[in-house]
file query-v1.csv (CSV, N, CA and C atoms)
chain,number,residue,atom,x,y,z
M,1,MET,N,-38.5,69.7,-6.3
M,1,MET,CA,-37.1,69.3,-6.1
M,1,MET,C,-36.9,68.1,-6.9
M,2,PRO,N,-35.8,68.0,-7.7
M,2,PRO,CA,-35.5,66.8,-8.5
M,2,PRO,C,-35.2,65.6,-7.7
M,3,PRO,N,-35.3,64.4,-8.2
M,3,PRO,CA,-34.9,63.2,-7.5
M,3,PRO,C,-33.4,63.3,-7.1
M,4,VAL,N,-33.0,62.6,-6.1
M,4,VAL,CA,-31.6,62.6,-5.6
M,4,VAL,C,-30.7,62.3,-6.8
M,5,SER,N,-31.0,61.3,-7.6
M,5,SER,CA,-30.0,60.9,-8.7
M,5,SER,C,-29.9,62.1,-9.7
M,6,ALA,N,-31.0,62.7,-10.0
M,6,ALA,CA,-30.9,63.8,-11.0
M,6,ALA,C,-30.2,65.0,-10.3
M,7,GLN,N,-30.4,65.2,-9.1
M,7,GLN,CA,-29.7,66.3,-8.4
M,7,GLN,C,-28.2,66.1,-8.3
M,8,LYS,N,-27.8,64.8,-8.1
M,8,LYS,CA,-26.4,64.4,-8.0
M,8,LYS,C,-25.7,64.7,-9.4
M,9,LEU,N,-26.4,64.2,-10.4
M,9,LEU,CA,-25.9,64.5,-11.8
M,9,LEU,C,-25.7,65.9,-12.1
M,10,GLN,N,-26.7,66.7,-11.7
M,10,GLN,CA,-26.7,68.2,-11.9
M,10,GLN,C,-25.5,68.8,-11.1
M,11,ASP,N,-25.3,68.4,-9.9
M,11,ASP,CA,-24.2,68.9,-9.1
M,11,ASP,C,-22.9,68.6,-9.8
M,12,TRP,N,-22.7,67.4,-10.3
M,12,TRP,CA,-21.5,67.0,-11.0
M,12,TRP,C,-21.3,67.9,-12.2
M,13,LYS,N,-22.4,68.1,-13.0
M,13,LYS,CA,-22.3,69.0,-14.2
M,13,LYS,C,-21.9,70.4,-13.8
M,14,ASP,N,-22.5,70.9,-12.7
M,14,ASP,CA,-22.1,72.2,-12.2
M,14,ASP,C,-20.7,72.4,-11.8
M,15,GLN,N,-20.1,71.3,-11.4
M,15,GLN,CA,-18.7,71.3,-11.0
M,15,GLN,C,-17.7,71.0,-12.2
M,16,GLY,N,-18.3,71.0,-13.4
M,16,GLY,CA,-17.4,70.7,-14.6
M,16,GLY,C,-17.3,69.2,-14.9
M,17,PHE,N,-18.3,68.5,-14.6
M,17,PHE,CA,-18.3,67.0,-14.8
M,17,PHE,C,-17.7,66.6,-16.2
M,18,GLU,N,-16.8,65.7,-16.1
M,18,GLU,CA,-16.3,65.0,-17.3
M,18,GLU,C,-16.6,63.6,-17.2
M,19,PRO,N,-17.2,63.0,-18.2
M,19,PRO,CA,-17.6,61.5,-18.1
M,19,PRO,C,-16.4,60.6,-17.8
M,20,GLY,N,-15.2,61.0,-18.3
M,20,GLY,CA,-14.0,60.1,-18.0
M,20,GLY,C,-13.6,60.2,-16.6
M,21,ASN,N,-14.0,61.3,-15.9
M,21,ASN,CA,-13.6,61.4,-14.5
M,21,ASN,C,-14.7,61.1,-13.5
M,22,CYS,N,-15.8,60.5,-14.0
M,22,CYS,CA,-16.9,60.1,-13.2
M,22,CYS,C,-16.5,59.1,-12.1
M,23,PRO,N,-16.6,59.4,-10.8
M,23,PRO,CA,-16.2,58.5,-9.8
M,23,PRO,C,-16.9,57.1,-9.9
M,24,VAL,N,-18.2,57.1,-10.2
M,24,VAL,CA,-19.0,55.9,-10.3
M,24,VAL,C,-18.4,55.1,-11.5
M,25,ARG,N,-18.2,55.7,-12.6
M,25,ARG,CA,-17.7,55.0,-13.8
M,25,ARG,C,-16.3,54.4,-13.5
M,26,GLN,N,-15.5,55.2,-12.8
M,26,GLN,CA,-14.1,54.7,-12.5
M,26,GLN,C,-14.1,53.5,-11.6
M,27,VAL,N,-15.0,53.5,-10.6
M,27,VAL,CA,-15.1,52.3,-9.7
M,27,VAL,C,-15.7,51.1,-10.4
M,28,LEU,N,-16.8,51.4,-11.2
M,28,LEU,CA,-17.5,50.3,-11.8
M,28,LEU,C,-16.7,49.7,-12.9
M,29,ASP,N,-15.7,50.4,-13.5
M,29,ASP,CA,-14.9,49.9,-14.6
M,29,ASP,C,-14.1,48.6,-14.1
M,30,HIS,N,-13.8,48.6,-12.8
M,30,HIS,CA,-13.0,47.5,-12.2
M,30,HIS,C,-13.8,46.5,-11.5
M,31,VAL,N,-14.8,47.0,-10.8
M,31,VAL,CA,-15.5,46.0,-9.9
M,31,VAL,C,-16.8,45.5,-10.5
M,32,SER,N,-17.2,45.9,-11.7
M,32,SER,CA,-18.5,45.4,-12.2
M,32,SER,C,-18.3,44.3,-13.2
M,33,ALA,N,-17.1,44.0,-13.5
M,33,ALA,CA,-16.9,42.8,-14.4
M,33,ALA,C,-17.1,41.5,-13.6
M,34,LYS,N,-17.3,40.5,-14.4
M,34,LYS,CA,-17.6,39.1,-13.8
M,34,LYS,C,-16.6,38.7,-12.7
M,35,TRP,N,-15.3,38.7,-13.1
M,35,TRP,CA,-14.3,38.2,-12.2
M,35,TRP,C,-14.0,39.0,-10.9
M,36,PRO,N,-13.9,40.3,-11.0
M,36,PRO,CA,-13.7,41.1,-9.8
M,36,PRO,C,-14.8,40.9,-8.8
M,37,VAL,N,-16.0,40.8,-9.2
M,37,VAL,CA,-17.1,40.6,-8.3
M,37,VAL,C,-17.0,39.3,-7.6
M,38,LEU,N,-16.7,38.2,-8.3
M,38,LEU,CA,-16.5,36.9,-7.7
M,38,LEU,C,-15.3,36.9,-6.8
M,39,ILE,N,-14.2,37.5,-7.2
M,39,ILE,CA,-13.0,37.6,-6.3
M,39,ILE,C,-13.4,38.3,-5.0
M,40,LEU,N,-14.1,39.4,-5.1
M,40,LEU,CA,-14.4,40.1,-3.9
M,40,LEU,C,-15.3,39.3,-3.0
M,41,LEU,N,-16.3,38.6,-3.6
M,41,LEU,CA,-17.2,37.8,-2.8
M,41,LEU,C,-16.4,36.7,-2.1
M,42,GLU,N,-15.4,36.1,-2.8
M,42,GLU,CA,-14.5,35.0,-2.1
M,42,GLU,C,-13.7,35.6,-1.0
M,43,LEU,N,-13.1,36.8,-1.3
M,43,LEU,CA,-12.2,37.4,-0.2
M,43,LEU,C,-13.1,38.0,0.9
M,44,GLY,N,-14.4,38.2,0.7
M,44,GLY,CA,-15.3,38.6,1.7
M,44,GLY,C,-15.5,37.5,2.8
M,45,ARG,N,-15.2,36.3,2.3
M,45,ARG,CA,-15.3,35.1,3.3
M,45,ARG,C,-14.1,35.0,4.1
M,46,LYS,N,-12.9,35.2,3.5
M,46,LYS,CA,-11.6,35.0,4.2
M,46,LYS,C,-10.5,35.4,3.3
M,47,PRO,N,-9.4,35.8,3.9
M,47,PRO,CA,-8.2,36.0,3.0
M,47,PRO,C,-7.8,34.7,2.3
M,48,MET,N,-7.2,34.8,1.1
M,48,MET,CA,-6.9,33.7,0.4
M,48,MET,C,-5.6,33.9,-0.4
M,49,ARG,N,-4.9,32.8,-0.7
M,49,ARG,CA,-3.7,32.8,-1.5
M,49,ARG,C,-4.2,32.6,-3.0
M,50,PHE,N,-3.3,32.9,-3.9
M,50,PHE,CA,-3.6,32.9,-5.3
M,50,PHE,C,-4.2,31.6,-5.8
M,51,ASN,N,-3.5,30.5,-5.4
M,51,ASN,CA,-4.0,29.2,-5.9
M,51,ASN,C,-5.3,28.8,-5.3
M,52,GLU,N,-5.6,29.3,-4.1
M,52,GLU,CA,-6.9,29.1,-3.4
M,52,GLU,C,-8.0,29.8,-4.2
M,53,LEU,N,-7.7,31.0,-4.6
M,53,LEU,CA,-8.6,31.8,-5.5
M,53,LEU,C,-8.8,31.1,-6.8
M,54,LEU,N,-7.8,30.6,-7.4
M,54,LEU,CA,-7.8,29.9,-8.6
M,54,LEU,C,-8.7,28.6,-8.5
M,55,ARG,N,-8.6,27.9,-7.4
M,55,ARG,CA,-9.5,26.7,-7.2
M,55,ARG,C,-10.9,27.1,-7.0
M,56,ALA,N,-11.1,28.2,-6.3
M,56,ALA,CA,-12.4,28.7,-5.9
M,56,ALA,C,-13.2,29.2,-7.2
M,57,LEU,N,-12.4,29.7,-8.2
M,57,LEU,CA,-13.0,30.2,-9.4
M,57,LEU,C,-12.5,29.4,-10.6
M,58,PRO,N,-12.9,28.2,-10.8
M,58,PRO,CA,-12.3,27.3,-11.7
M,58,PRO,C,-12.3,27.7,-13.2
M,59,ASP,N,-13.2,28.6,-13.6
M,59,ASP,CA,-13.2,29.0,-15.0
M,59,ASP,C,-12.3,30.2,-15.3
M,60,ILE,N,-11.7,30.8,-14.2
M,60,ILE,CA,-10.8,31.9,-14.5
M,60,ILE,C,-9.4,31.5,-14.9
M,61,SER,N,-8.8,32.2,-15.8
M,61,SER,CA,-7.4,31.9,-16.2
M,61,SER,C,-6.5,32.5,-15.2
M,62,LYS,N,-5.2,32.0,-15.1
M,62,LYS,CA,-4.2,32.6,-14.2
M,62,LYS,C,-4.0,34.1,-14.6
M,63,ARG,N,-3.9,34.3,-15.9
M,63,ARG,CA,-3.7,35.7,-16.4
M,63,ARG,C,-4.8,36.6,-16.0
M,64,MET,N,-6.1,36.2,-16.1
M,64,MET,CA,-7.2,37.0,-15.7
M,64,MET,C,-7.3,37.3,-14.2
M,65,LEU,N,-6.9,36.2,-13.5
M,65,LEU,CA,-6.9,36.4,-12.0
M,65,LEU,C,-5.8,37.4,-11.6
M,66,THR,N,-4.7,37.2,-12.2
M,66,THR,CA,-3.6,38.1,-11.9
M,66,THR,C,-3.9,39.6,-12.2
M,67,GLN,N,-4.5,39.8,-13.4
M,67,GLN,CA,-4.9,41.2,-13.8
M,67,GLN,C,-6.0,41.7,-12.9
M,68,SER,N,-6.9,40.9,-12.6
M,68,SER,CA,-8.0,41.4,-11.7
M,68,SER,C,-7.5,41.7,-10.3
M,69,LEU,N,-6.7,40.9,-9.8
M,69,LEU,CA,-6.1,41.2,-8.5
M,69,LEU,C,-5.3,42.5,-8.5
M,70,ARG,N,-4.5,42.6,-9.5
M,70,ARG,CA,-3.7,43.9,-9.6
M,70,ARG,C,-4.6,45.1,-9.7
M,71,ASN,N,-5.6,45.1,-10.5
M,71,ASN,CA,-6.5,46.2,-10.6
M,71,ASN,C,-7.2,46.5,-9.3
M,72,LEU,N,-7.6,45.5,-8.6
M,72,LEU,CA,-8.3,45.7,-7.3
M,72,LEU,C,-7.3,46.2,-6.3
M,73,GLU,N,-6.1,45.7,-6.3
M,73,GLU,CA,-5.0,46.2,-5.4
M,73,GLU,C,-4.7,47.7,-5.7
M,74,ARG,N,-4.5,48.0,-7.0
M,74,ARG,CA,-4.2,49.4,-7.4
M,74,ARG,C,-5.3,50.3,-6.9
M,75,ASP,N,-6.6,49.9,-7.0
M,75,ASP,CA,-7.7,50.8,-6.5
M,75,ASP,C,-7.8,50.8,-5.0
M,76,GLY,N,-7.0,50.0,-4.3
M,76,GLY,CA,-7.0,50.0,-2.8
M,76,GLY,C,-8.1,49.2,-2.2
M,77,ILE,N,-8.7,48.3,-3.1
M,77,ILE,CA,-9.9,47.6,-2.6
M,77,ILE,C,-9.4,46.3,-2.0
M,78,LEU,N,-8.3,45.8,-2.4
M,78,LEU,CA,-7.7,44.6,-1.7
M,78,LEU,C,-6.3,44.8,-1.3
M,79,ARG,N,-5.8,44.0,-0.4
M,79,ARG,CA,-4.5,44.1,0.1
M,79,ARG,C,-3.7,42.8,-0.3
M,80,ARG,N,-2.5,43.0,-0.7
M,80,ARG,CA,-1.6,41.9,-1.0
M,80,ARG,C,-0.5,41.9,0.0
M,81,GLU,N,-0.4,40.8,0.7
M,81,GLU,CA,0.6,40.6,1.7
M,81,GLU,C,1.6,39.5,1.4
M,82,VAL,N,2.8,39.9,1.3
M,82,VAL,CA,3.9,38.9,0.9
M,82,VAL,C,4.6,38.4,2.2
M,83,PHE,N,4.7,37.1,2.4
M,83,PHE,CA,5.4,36.5,3.5
M,83,PHE,C,6.7,36.0,3.2
M,84,ASP,N,7.7,36.3,4.0
M,84,ASP,CA,9.1,35.9,3.8
M,84,ASP,C,9.3,34.5,4.1
M,85,THR,N,8.9,33.6,3.1
M,85,THR,CA,9.1,32.2,3.2
M,85,THR,C,9.8,31.7,2.0
M,86,LYS,N,10.2,30.5,1.9
M,86,LYS,CA,10.9,29.9,0.8
M,86,LYS,C,9.9,28.9,0.2
M,87,PRO,N,9.4,29.0,-1.0
M,87,PRO,CA,9.3,30.3,-1.8
M,87,PRO,C,8.3,31.3,-1.1
M,88,PRO,N,8.4,32.6,-1.5
M,88,PRO,CA,7.6,33.6,-0.8
M,88,PRO,C,6.1,33.2,-1.0
M,89,SER,N,5.3,33.4,0.0
M,89,SER,CA,3.8,33.2,-0.2
M,89,SER,C,3.1,34.6,-0.1
M,90,VAL,N,2.0,34.6,-0.8
M,90,VAL,CA,1.2,35.9,-0.9
M,90,VAL,C,-0.2,35.6,-0.5
M,91,THR,N,-0.8,36.4,0.3
M,91,THR,CA,-2.2,36.3,0.7
M,91,THR,C,-2.9,37.6,0.3
M,92,TYR,N,-4.1,37.4,-0.2
M,92,TYR,CA,-4.9,38.6,-0.6
M,92,TYR,C,-6.1,38.6,0.4
M,93,SER,N,-6.4,39.9,0.7
M,93,SER,CA,-7.6,40.1,1.6
M,93,SER,C,-8.2,41.5,1.3
M,94,LEU,N,-9.4,41.7,1.7
M,94,LEU,CA,-10.0,43.0,1.5
M,94,LEU,C,-9.4,44.0,2.4
M,95,SER,N,-9.1,45.2,1.8
M,95,SER,CA,-8.6,46.3,2.6
M,95,SER,C,-9.8,46.9,3.3
M,96,GLU,N,-9.6,47.9,4.1
M,96,GLU,CA,-10.6,48.6,4.8
M,96,GLU,C,-11.6,49.2,3.8
M,97,LEU,N,-11.1,49.7,2.7
M,97,LEU,CA,-12.0,50.2,1.6
M,97,LEU,C,-12.8,49.1,1.0
M,98,GLY,N,-12.2,48.0,0.8
M,98,GLY,CA,-12.9,46.8,0.2
M,98,GLY,C,-14.0,46.3,1.2
M,99,GLU,N,-13.7,46.3,2.5
M,99,GLU,CA,-14.6,45.9,3.5
M,99,GLU,C,-15.8,46.8,3.5
M,100,GLY,N,-15.6,48.1,3.3
M,100,GLY,CA,-16.7,49.1,3.2
M,100,GLY,C,-17.5,48.9,1.9
M,101,PHE,N,-16.9,48.4,0.9
M,101,PHE,CA,-17.6,48.2,-0.4
M,101,PHE,C,-18.4,47.0,-0.4
M,102,LEU,N,-18.0,46.0,0.4
M,102,LEU,CA,-18.7,44.7,0.3
M,102,LEU,C,-20.2,44.7,0.6
M,103,PRO,N,-20.6,45.4,1.6
M,103,PRO,CA,-22.1,45.5,1.9
M,103,PRO,C,-22.9,46.0,0.6
M,104,HIS,N,-22.3,47.0,-0.1
M,104,HIS,CA,-22.9,47.5,-1.3
M,104,HIS,C,-23.0,46.5,-2.4
M,105,LEU,N,-21.9,45.8,-2.5
M,105,LEU,CA,-21.8,44.7,-3.5
M,105,LEU,C,-22.8,43.6,-3.2
M,106,LEU,N,-22.9,43.2,-1.9
M,106,LEU,CA,-23.9,42.2,-1.5
M,106,LEU,C,-25.3,42.7,-1.7
M,107,ALA,N,-25.6,44.0,-1.5
M,107,ALA,CA,-26.9,44.5,-1.8
M,107,ALA,C,-27.2,44.4,-3.3
M,108,LEU,N,-26.2,44.6,-4.2
M,108,LEU,CA,-26.4,44.5,-5.6
M,108,LEU,C,-26.7,43.0,-6.0
M,109,VAL,N,-25.9,42.1,-5.3
M,109,VAL,CA,-26.1,40.7,-5.5
M,109,VAL,C,-27.5,40.3,-5.2
M,110,ASP,N,-28.0,40.7,-4.0
M,110,ASP,CA,-29.4,40.5,-3.6
M,110,ASP,C,-30.4,41.0,-4.6
M,111,TRP,N,-30.2,42.2,-5.0
M,111,TRP,CA,-31.1,42.8,-6.0
M,111,TRP,C,-31.1,42.0,-7.2
M,112,ALA,N,-30.0,41.6,-7.7
M,112,ALA,CA,-29.9,40.8,-8.9
M,112,ALA,C,-30.6,39.5,-8.8
M,113,GLU,N,-30.4,38.8,-7.6
M,113,GLU,CA,-31.1,37.5,-7.4
M,113,GLU,C,-32.6,37.7,-7.3
M,114,ASN,N,-33.0,38.7,-6.6
M,114,ASN,CA,-34.5,38.9,-6.4
M,114,ASN,C,-35.1,39.5,-7.7
M,115,GLY,N,-34.4,40.2,-8.5
M,115,GLY,CA,-34.9,40.8,-9.7
M,115,GLY,C,-34.8,39.9,-10.9
M,116,MET,N,-34.1,38.9,-10.8
M,116,MET,CA,-33.8,38.1,-12.0
M,116,MET,C,-35.1,37.5,-12.6
M,117,PRO,N,-36.1,37.0,-11.9
M,117,PRO,CA,-37.3,36.5,-12.5
M,117,PRO,C,-38.0,37.6,-13.3
M,118,ASN,N,-38.0,38.8,-12.8
M,118,ASN,CA,-38.6,39.9,-13.5
M,118,ASN,C,-37.8,40.3,-14.8
M,119,ILE,N,-36.5,40.2,-14.7
M,119,ILE,CA,-35.7,40.5,-15.9
M,119,ILE,C,-35.9,39.4,-16.9
M,120,VAL,N,-36.0,38.2,-16.5
M,120,VAL,CA,-36.2,37.1,-17.5
M,120,VAL,C,-37.5,37.3,-18.2
M,121,ALA,N,-38.6,37.6,-17.4
M,121,ALA,CA,-39.9,37.8,-18.0
M,121,ALA,C,-39.9,39.0,-18.9
M,122,ALA,N,-39.2,40.1,-18.6
M,122,ALA,CA,-39.1,41.3,-19.4
M,122,ALA,C,-38.4,40.9,-20.7
M,123,ARG,N,-37.4,40.1,-20.6
M,123,ARG,CA,-36.6,39.7,-21.9
M,123,ARG,C,-37.5,38.9,-22.8
M,124,GLN,N,-38.3,38.0,-22.2
M,124,GLN,CA,-39.2,37.1,-22.9
M,124,GLN,C,-40.3,38.0,-23.6
M,125,ARG,N,-40.8,38.9,-22.9
M,125,ARG,CA,-41.8,39.8,-23.5
M,125,ARG,C,-41.2,40.6,-24.7
M,126,PHE,N,-40.0,41.1,-24.5
M,126,PHE,CA,-39.3,41.9,-25.5
M,126,PHE,C,-39.0,41.1,-26.7
M,127,ASP,N,-38.5,39.9,-26.5
M,127,ASP,CA,-38.1,39.0,-27.6
M,127,ASP,C,-39.3,38.5,-28.4
M,128,ALA,N,-40.5,38.4,-27.7
M,128,ALA,CA,-41.7,38.0,-28.4
M,128,ALA,C,-42.3,39.0,-29.4
M,129,VAL,N,-41.9,40.2,-29.3
M,129,VAL,CA,-42.4,41.3,-30.2
M,129,VAL,C,-41.7,41.2,-31.5
call {"tool": "encode", "arguments": {"input": "query-v1.csv", "output": "structure tokens"}}
result
Amino acid sequence: MPPVSAQKLQDWKDQGFEPGNCPVRQVLDHVSAKWPVLILLELGRKPMRFNELLRALPDISKRMLTQSLRNLERDGILRREVFDTKPPSVTYSLSELGEGFLPHLLALVDWAENGMPNIVAARQRFDAV
């Protein structure tokens, strides 16, 4: 019996798999970039307003934060709540879908932290050749 990953890929191909419609690829397109990951980690701590996120991520531009928030909201991973104040205030938080994704993201973060010494060593060996 093939490994689970090979079987999953074969199942997708049997169903008429199209790379452009790959569910993994579609999710990773938005959440694997630098800023969405950091935004999700921040929102995993608590709901935040736009300027709070901007202060928490000092290297991000307003434009990039806005675009990243829109993409995550469009995918249903975060919730945007507008409050009827003068001026209106907006709070961002993880949706139920985002809450379900967070443990998987944290597992990836842990893997990256634990694996980084091995990755650095592999890079050094590769570059030395």
call {"tool": "residues_around", "arguments": {"input": "query-v1.csv", "residues": "range 98-113 of chain M", "least_positions_apart": "4", "cutoff": "6 Å", "atoms": "only N, CA and C atoms", "output": "short mmCIF file (atom, residue, chain, number, x, y, z; two decimals) with N, CA and C atoms, in the frame of the given file"}}
result
data_model
loop_
_atom_site.label_atom_id
_atom_site.label_comp_id
_atom_site.auth_asym_id
_atom_site.auth_seq_id
_atom_site.Cartn_x
_atom_site.Cartn_y
_atom_site.Cartn_z
N GLY M 76 -7.00 50.00 -4.30
CA GLY M 76 -7.00 50.00 -2.80
C GLY M 76 -8.10 49.20 -2.20
N ILE M 77 -8.70 48.30 -3.10
CA ILE M 77 -9.90 47.60 -2.60
C ILE M 77 -9.40 46.30 -2.00
N LEU M 78 -8.30 45.80 -2.40
CA LEU M 78 -7.70 44.60 -1.70
C LEU M 78 -6.30 44.80 -1.30
N LEU M 94 -9.40 41.70 1.70
CA LEU M 94 -10.00 43.00 1.50
C LEU M 94 -9.40 44.00 2.40
N PRO M 117 -36.10 37.00 -11.90
CA PRO M 117 -37.30 36.50 -12.50
C PRO M 117 -38.00 37.60 -13.30
#
call {"tool": "residues_around", "arguments": {"input": "query-v1.csv", "residues": "Met48 in chain M", "least_positions_apart": "2", "cutoff": "6 Å", "atoms": "all atoms listed in the file", "output": "ChimeraX atom specification"}}
result
/M:43,46,50,52-53,90-93
call {"tool": "atom_distance", "arguments": {"input": "query-v1.csv", "atom1": "CA of Trp35 in chain M", "atom2": "atom N of Thr85 in chain M"}}
result
28.2 Å
call {"tool": "residues_around", "arguments": {"input": "query-v1.csv", "residues": "Arg74 in chain M", "least_positions_apart": "6", "cutoff": "12 Å", "atoms": "only C-alpha atoms", "output": "list in words"}}
result
Val27, His30, Gln67, Ser68, Arg80, Ser95, Leu97 and Gly98 of chain M
call {"tool": "write_last_selection", "arguments": {"input": "query-v1.csv", "atoms": "N, CA and C atoms", "output": "short mmCIF file (atom, residue, chain, number, x, y, z; two decimals), in the frame of the given file"}}
result
data_model
loop_
_atom_site.label_atom_id
_atom_site.label_comp_id
_atom_site.auth_asym_id
_atom_site.auth_seq_id
_atom_site.Cartn_x
_atom_site.Cartn_y
_atom_site.Cartn_z
N VAL M 27 -15.00 53.50 -10.60
CA VAL M 27 -15.10 52.30 -9.70
C VAL M 27 -15.70 51.10 -10.40
N HIS M 30 -13.80 48.60 -12.80
CA HIS M 30 -13.00 47.50 -12.20
C HIS M 30 -13.80 46.50 -11.50
N GLN M 67 -4.50 39.80 -13.40
CA GLN M 67 -4.90 41.20 -13.80
C GLN M 67 -6.00 41.70 -12.90
N SER M 68 -6.90 40.90 -12.60
CA SER M 68 -8.00 41.40 -11.70
C SER M 68 -7.50 41.70 -10.30
N ARG M 80 -2.50 43.00 -0.70
CA ARG M 80 -1.60 41.90 -1.00
C ARG M 80 -0.50 41.90 0.00
N SER M 95 -9.10 45.20 1.80
CA SER M 95 -8.60 46.30 2.60
C SER M 95 -9.80 46.90 3.30
N LEU M 97 -11.10 49.70 2.70
CA LEU M 97 -12.00 50.20 1.60
C LEU M 97 -12.80 49.10 1.00
N GLY M 98 -12.20 48.00 0.80
CA GLY M 98 -12.90 46.80 0.20
C GLY M 98 -14.00 46.30 1.20
#
call {"tool": "atom_distance", "arguments": {"input": "query-v1.csv", "atom1": "atom C of Pro58 in chain M", "atom2": "atom N of Ser89 in chain M"}}
result
22.7 Å
